[in-house]
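S.K.: Got a structure for you, questions after.
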Amino acid sequence: MKTVNLLVAGFVSLPLAAQAQTEISWWHAMTGANSEVVEKIAGDFNASQSDYVVKPVFKGTYPETLNAGIAAFRAGQAPDIIQVFDVGTGVMMGAQGAIKPVAEVLTEAGFSFDKSQYLPGIVGYYSSPEGEMLSFPYNSSSPILFYNKDIFEKAGLDVNAPPKTWAEVWAAARQVKESGAATCGYTSTWLTWIHTENFAAWNNVSWGSNENGLAGTPELAVNGPLFVKHFQELADLGKEGVFVYGGRTSEAKQNFTSGECGILTESSGGLGDIVKAGINYGIGQLPYDETATGAPQNTVPGGASLWVMGGKSDEVYKGVGTFFNYLSQTEVQQYLHEVSGYLPVTMAAYEATKASGFYDTNPAREVPITQMMGKAPTENSKGVRAPNLPQIRDILNEEFEKMLAGQQTAEEAMTSAATRGNAAIKEATGG
Amino acid sequence: MRRTVFPHKLLPWLLLAPQLAITLIFFYWPAAQAFRQSVLREDPFGLSSTFVGLANFRKVLNDPAYLNAAQVTVVFSLLVAFFAMTIALFLAVQVEKIVRGKGFYRTLMIWPYAVAPAIAGMLWLFMFNPSFGTLAWPLRQLGIAWNPLLDGEQAMALVVAAATWKQISYNFLFFVAGLQAIPKSLLEAAAIDGASRRHAFWTIVFPLLTPTTFFLLVVNTVYALFDTFGIIHAVTSGGPGRSTETLVYKVYNDGFVNLIMGDSAAQSVILMVIVIALTAFQFRFIEKRVHYG
C-alpha cells in the first residue's frame, strides 16, 4: 500500500514541477539541415528564458503538415504553431476563427510590432488585404538561375556572364545543346511558381485580377499574350530537346546536379543540394522578358510561414509572442539566413549580414534578396493568392504537361488553364 | 449433425470484443464519417458546413476528370490483373519442371511480395527515370523516345509494370499450390493417350486451375484498384496530365491536396459501393465453386 501511495505521489508531483513552464507545440515540415536549424532555434529559445518551452514536432512534407494541422483542428487538438507553405496561405487566410493573426499575438504579448522593420516583399505576402500581418515568415526563398560553369566553358559561353533575359537563356541553352557540351540546355523546377507566379511579378504583368488575388478573389489572367509567348517558346525548345521537363516540383534539380543540363531555374533554397553535388556552378538573377515594360520588377517569395492557431489560452499566446519576438532578433535571423540559405525577414538582419561581409565571400547569396527588394512592388508583384492555390497549380501543371507532350499549343494550354482555374476558384468560394 | 451448444452467454462476446472494437473504430466509424461528409459542403477546417444532399455526388459523376479517372482505373486494373496472372502462371508451370533447386527458385520468386508498394514504385522510378535511370538509357539507345514524365502511355506502362511486378509473387504462390493439387495420374494418363504437353495443359491443368484463377482474378482486381496507391504516388503522382490518376488517387488528391472534403467523401462512398459489390460477387461465385471437374 505504501509503495502505491509513493508511486501516486510521484506521478502527481511530476506535472506540478513542469507546470511552471508553459509548453508550446510547433509543427513543422523541415528536413535535413533545415530541421537541425529548427531544433537549434527552439533549444536556444528554451535556454534563453524559463517561462516557456517550445517543442518542435516534425510532421512530414508541407502538404502533410498542413493536413495534420487541419485534422488536429477538427479534432480539437490543434498545435499552437504550425508551419504552412506558401500555397497553403490562402487556405489559412480563409480560415478566420481557426487562426489568430500574428500581429495581434505580438502586440497582446506586450511587444511593439513595427511592420517597417520587416522585408516589405515578404511581409506583404503574408498580410491580409487590410495590411495586418497574419503569419510569421519563417523561411522565405526566391527563384534564381543556376548555371554549370564547366558546361558553359565547353560550349564557348562566357562563364562570368549568366544570361539575363529569357531570350538570352534560350540562346545559351541552344548553344549548350548544339555544341554538344551537354545533352540538355535548360531545365526548371516548379514551372507554376517560377514561370507563372514569379514570371508575372518579375515582368510586371497580371497573374489575376484583384492584385493577383491579394485584394479579393482573383480571376486568372495567365492566358495573357506574354505568358502565351513565353510558354510557346518553352514548348518549342522542349520539342528540340533544348529544354527538358523534370517534373512538377523540384525534380528537375537532379537534371542539373547530374550534369545533364547546363542551366537551371530553381528556388534559392535549393542551393544546399547543388553545393553538395560538387559541380562548378554560378548564380544569376531570375531571367526576365526584355519585351515587358519595366522588367525586371521584383520577385515574390516562396517558402513557408508560421501560423498561430486560434482558441488557445492567453498564457500560450504570450509564449508564442515571446518566441516570435525572439525569432525576429537580428542574431537569430542572421543565423537562419547564413545556415539555411533562406532569406532574412527583418531589415536589421539583412543589414547585419551585409556588414559582416558575408556577401563579399558569398555574393550569390544576396541575389534572391536584391531581386525581391529591387523595386517597390506593384499590384502585379506582391504575390499571388487564391483560396485553392494548390488546385490551381495542379491544373496548370496538367495543361503544361499536355502542351510539352505536343498535344496542344501554348495558347490552348493557357486558355484552358485559365478557364478551368477560374471555374475551380468559383467553386471554392462557394459560387 | 449434432449441434454443440456452449453454456456461456457472456464469454463469446468477451472473446469477440477486441475484434468487434477494432472493426467498429477503424471501419464503421470512418465509413459513417465518409457518409456524413459526402452530403455536406465544408471548408477544410470544418468551420462552416452546409447540408447539400446529393449535390456532391451529382458534381462528381458529371466531372469529366472523374470519368477519366474511372477509365484509367479500368485500363490499369485490367492490365495489372492480366499481366500479373499470366506471368505468374507461366512461372509456376515452369517451376514444376525444375529438378534441382526448386525451393531456392520459389523463395526468390516470393521475395518481391515483401516489398512495400511505395518502395517498389521508387525502385522502378529509379530504373526508368528519363534523366538518371539505369534502364532508361538503353531504351533511348534503341531509339525509343522514353519520357514517362510527359508521355501518358509510357507513364501508364511504368506504373502497370511496377504494380504487376509486386503482385506476381502472390499469384505465383497460389498457382504453385493449385498445380500441386492436380493429381499427377491425370497428366500421366493424358501422356499415355498421346496428348502433347501443351494440349494437356489447356485441356486438363488450366480447367482444373479455374477456382484458383477466379479467386486470383478477384484478389488482383481489388489489389489493382486499392493497394496500388503507394506505387502511383511514388512514380507519377497521377500525371502526366491526369493519365495515371485512378479513382483512389483522385480521392486522395481532391481530399488531401486540394482540400475539397465533400467531393472526396462522395468519391469514397462510391468506391465503398464498388468494394461491396466486388466482395458480394466474390463470395457468391467462390462459394458456388467455379469448376471442380
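Residue names in the C-alpha cells use chain letters A, B, ... in the order shown, residue numbers from 1 in each chain, and ligand numbers from 1 in the order shown.
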Compile a residue-level contact table for range 49-121 of chain B against range 263-270 of chain B at a cut-off of 12 Å, reporting for every qualifying residue the shortest atom pair and its distance in Å to one decimal, with only C-alpha atoms counted, rows ordered by chain and ascending number, as a Markdown table.

M.R.:
| residue | atom | partner | partner_atom | distance |
| --- | --- | --- | --- | --- |
| B:Val52 | CA | B:Asp263 | CA | 11.4 |
| B:Gly53 | CA | B:Ala266 | CA | 10.8 |
| B:Leu54 | CA | B:Ala266 | CA | 8.7 |
| B:Ala55 | CA | B:Asp263 | CA | 9.2 |
| B:Asn56 | CA | B:Asp263 | CA | 5.5 |
| B:Phe57 | CA | B:Ala266 | CA | 5.6 |
| B:Arg58 | CA | B:Ala266 | CA | 9.3 |
| B:Lys59 | CA | B:Asp263 | CA | 7.8 |
| B:Val60 | CA | B:Asp263 | CA | 6.4 |
| B:Leu61 | CA | B:Gln267 | CA | 8.9 |
| B:Asn62 | CA | B:Asp263 | CA | 11.7 |
| B:Asp63 | CA | B:Asp263 | CA | 10.4 |
| B:Tyr66 | CA | B:Gln267 | CA | 8.9 |
| B:Leu67 | CA | B:Gln267 | CA | 11.6 |
| B:Ala69 | CA | B:Gln267 | CA | 11.1 |
| B:Ala70 | CA | B:Gln267 | CA | 10.9 |

S.K.: Tell me which protein, DNA and RNA residues are within 10 Å of Val169 in chain A, counting only C-alpha atoms, leaving out same-chain ones fewer than 4 positions away, and put them as a PyMOL selection string.

M.R.: chain A and resi 145+162-165+173-175+185-186+263-264+287-288

S.K.: Up to 8 Å from chain B, what residues of chain A turn up? Count only C-alpha atoms and give them as a PyMOL selection string.

M.R.: chain A and resi 63+67+70-71+73-74+91+95+97-98+245-247+255+258+260+388+390-391+397-399+401-402+404-405

S.K.: Could you pull out the helix (DSSP H, G or I) residues of range 89-312 of chain A, going by DSSP on the backbone, and write them as a ChimeraX atom specification?

M.R.: /A:89-93,102-108,115-117,120-125,149-154,166-178,191-202,209-212,225-240,252-257,268-276

S.K.: Tell me which protein, DNA and RNA residues are within 8 Å of Glu39 in chain A, counting only C-alpha atoms, leaving out same-chain ones fewer than 4 positions away, and put them as an NGL selection string.

M.R.: :A and (35 or 43 or 56)

S.K.: Using only C-alpha atoms, which residue out of A:Asp86, A:Val339, A:Gln334, A:Ala304 lies closest to Lys354 in chain A?

M.R.: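 So, comparing all the options, the nearest one is A:Gln334.
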
S.K.: Restrict the calculation to only C-alpha atoms, then for each residue of range 159-238 of chain B with any atom at most 10 Å from an atom of range 84-105 of chain B give the closest atom pair and their distance in Å to one decimal, rows by chain and rising residue number, as CSV.

M.R.:
residue,atom,partner,partner_atom,distance
B:Val160,CA,B:Ala84,CA,9.4
B:Ala161,CA,B:Ala84,CA,9.0
B:Ala163,CA,B:Ala84,CA,8.4
B:Thr164,CA,B:Ala84,CA,4.9
B:Trp165,CA,B:Ala84,CA,7.0
B:Lys166,CA,B:Ala84,CA,8.4
B:Gln167,CA,B:Ala84,CA,6.0
B:Ile168,CA,B:Ala84,CA,5.0
B:Ser169,CA,B:Ala88,CA,7.1
B:Tyr170,CA,B:Ala88,CA,8.4
B:Asn171,CA,B:Ala88,CA,5.7
B:Phe172,CA,B:Ala88,CA,4.6
B:Leu173,CA,B:Ala92,CA,7.9
B:Phe174,CA,B:Ala92,CA,8.9
B:Phe175,CA,B:Ala92,CA,6.0
B:Val176,CA,B:Ala92,CA,5.3
B:Ala177,CA,B:Ala92,CA,9.1
B:Gly178,CA,B:Ala92,CA,9.5
B:Leu179,CA,B:Val93,CA,7.7
B:Gln180,CA,B:Glu96,CA,8.7
B:Phe201,CA,B:Val93,CA,9.3
B:Val205,CA,B:Val93,CA,9.7
B:Phe206,CA,B:Leu89,CA,9.7
B:Leu209,CA,B:Leu89,CA,10.0
B:Thr213,CA,B:Met85,CA,8.0
B:Leu216,CA,B:Met85,CA,7.6
B:Leu217,CA,B:Met85,CA,7.8
B:Asn220,CA,B:Ala84,CA,8.0

S.K.: Show me, as a JSON list (two decimals) with C-alpha atoms, in the first residue's frame, the residues that have an atom within 10 Å of range 131-139 of chain A when counting only C-alpha atoms, minus same-chain residues fewer than 3 positions from it.

M.R.:
[["chain", "number", "residue", "atom", "x", "y", "z"],
["A", 30, "MET", "CA", 11.70, 20.87, -42.24],
["A", 34, "ASN", "CA", 16.87, 22.73, -42.03],
["A", 81, "ILE", "CA", 2.18, 26.99, -34.03],
["A", 82, "ILE", "CA", 2.07, 25.36, -37.45],
["A", 83, "GLN", "CA", 4.36, 25.88, -40.42],
["A", 84, "VAL", "CA", 2.36, 26.28, -43.63],
["A", 85, "PHE", "CA", 3.90, 26.52, -47.11],
["A", 86, "ASP", "CA", 3.27, 29.48, -49.41],
["A", 89, "THR", "CA", -1.50, 30.67, -47.28],
["A", 92, "MET", "CA", -5.19, 29.53, -43.79],
["A", 93, "MET", "CA", -6.42, 33.05, -44.53],
["A", 99, "ILE", "CA", -6.20, 31.14, -36.61],
["A", 100, "LYS", "CA", -5.00, 34.16, -34.68],
["A", 101, "PRO", "CA", -3.17, 36.92, -36.59],
["A", 102, "VAL", "CA", 0.50, 37.15, -35.66],
["A", 103, "ALA", "CA", 0.41, 40.94, -35.40],
["A", 104, "GLU", "CA", -2.29, 40.56, -32.72],
["A", 105, "VAL", "CA", -0.34, 37.86, -30.87],
["A", 113, "PHE", "CA", 5.16, 45.35, -33.70],
["A", 115, "LYS", "CA", 5.89, 46.37, -39.91],
["A", 118, "TYR", "CA", 10.41, 43.56, -41.94],
["A", 119, "LEU", "CA", 11.30, 43.00, -45.59],
["A", 122, "ILE", "CA", 7.80, 39.13, -47.59],
["A", 123, "VAL", "CA", 5.54, 40.85, -45.12],
["A", 124, "GLY", "CA", 3.18, 41.92, -47.92],
["A", 125, "TYR", "CA", 2.72, 38.33, -48.98],
["A", 126, "TYR", "CA", 1.67, 37.19, -45.52],
["A", 127, "SER", "CA", -0.65, 40.11, -44.77],
["A", 128, "SER", "CA", -4.42, 40.43, -45.05],
["A", 269, "GLY", "CA", 16.59, 27.20, -51.03],
["A", 301, "PRO", "CA", 8.65, 34.87, -52.03],
["A", 302, "GLY", "CA", 8.08, 31.16, -51.72],
["A", 303, "GLY", "CA", 8.82, 29.02, -48.69],
["A", 304, "ALA", "CA", 6.67, 28.86, -45.59],
["A", 305, "SER", "CA", 5.41, 30.86, -42.63],
["A", 306, "LEU", "CA", 4.32, 30.12, -39.08],
["A", 307, "TRP", "CA", 0.62, 30.37, -38.23],
["A", 308, "VAL", "CA", -0.80, 30.64, -34.73],
["A", 324, "PHE", "CA", 8.25, 35.18, -32.35],
["A", 327, "LEU", "CA", 12.79, 34.73, -33.79],
["A", 328, "SER", "CA", 12.87, 38.23, -35.24],
["A", 333, "GLN", "CA", 17.66, 35.82, -38.29],
["A", 336, "LEU", "CA", 18.88, 31.31, -40.05],
["A", 337, "HIS", "CA", 19.85, 33.11, -43.25],
["A", 340, "SER", "CA", 19.82, 27.55, -44.21],
["A", 341, "GLY", "CA", 20.01, 29.76, -47.30],
["A", 342, "TYR", "CA", 16.54, 31.17, -46.65],
["A", 343, "LEU", "CA", 16.06, 34.91, -46.64],
["A", 344, "PRO", "CA", 16.29, 37.05, -43.51],
["A", 345, "VAL", "CA", 12.89, 38.57, -42.68],
["A", 346, "THR", "CA", 13.98, 41.76, -40.94]]

S.K.: From the list B:Val275, B:Leu186, B:Ala224, B:Ala191, which residue is nearest Val80 in chain B when using only C-alpha atoms?

M.R.: B:Ala224

S.K.: At what distance in Å, to one decimal, does CA of Phe76 in chain B lie from CA of Trp190 in chain A?

M.R.: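 Those two atoms sit 28.3 Å apart.
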
S.K.: Counting only C-alpha atoms, what is within 10 Å of Gly282 in chain A, bar same-chain residues fewer than 2 positions away, as a PyMOL selection string?

M.R.: chain A and resi 145-150+159-162+263+279-280+284+364

S.K.: With C-alpha atoms kept, could you save the residues just selected as a PDB file, in the first residue's frame?

M.R.:
ATOM      1  CA  LEU A 145      19.203  30.984 -62.078  1.00  0.00           C
ATOM      2  CA  PHE A 146      21.953  28.405 -61.614  1.00  0.00           C
ATOM      3  CA  TYR A 147      24.378  27.529 -64.411  1.00  0.00           C
ATOM      4  CA  ASN A 148      27.113  24.940 -64.777  1.00  0.00           C
ATOM      5  CA  LYS A 149      30.366  26.800 -65.427  1.00  0.00           C
ATOM      6  CA  ASP A 150      32.158  23.749 -66.868  1.00  0.00           C
ATOM      7  CA  VAL A 159      31.370  31.727 -67.672  1.00  0.00           C
ATOM      8  CA  ASN A 160      31.144  35.039 -65.869  1.00  0.00           C
ATOM      9  CA  ALA A 161      28.043  36.332 -67.623  1.00  0.00           C
ATOM     10  CA  PRO A 162      24.923  34.336 -66.815  1.00  0.00           C
ATOM     11  CA  ILE A 263      21.107  25.923 -66.919  1.00  0.00           C
ATOM     12  CA  ILE A 279      29.530  20.938 -59.522  1.00  0.00           C
ATOM     13  CA  ASN A 280      31.194  24.154 -60.618  1.00  0.00           C
ATOM     14  CA  GLY A 284      22.387  34.709 -61.740  1.00  0.00           C
ATOM     15  CA  ALA A 364      25.412  34.926 -54.921  1.00  0.00           C
TER      16      ALA A 364
END

S.K.: Can you tell me, as a tab-separated table (two decimals) with C-alpha atoms, in the first residue's frame, what residues are no more than 9 Å from Thr322 in chain A when counting only C-alpha atoms, ignoring any on the same chain fewer than 3 positions away?

M.R.:
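New file part15.tsv:
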chain	number	residue	atom	x	y	z
A	52	TYR	CA	8.04	28.76	-21.92
A	106	LEU	CA	2.78	40.05	-30.76
A	109	ALA	CA	2.13	39.77	-25.61
A	110	GLY	CA	3.42	43.29	-24.99
A	111	PHE	CA	5.86	43.59	-27.88
A	317	TYR	CA	-0.31	33.27	-26.79
A	318	LYS	CA	2.05	35.19	-24.56
A	319	GLY	CA	4.59	32.41	-25.03
A	325	ASN	CA	9.89	38.22	-30.83
A	326	TYR	CA	12.95	36.04	-30.21
A	327	LEU	CA	12.79	34.73	-33.79
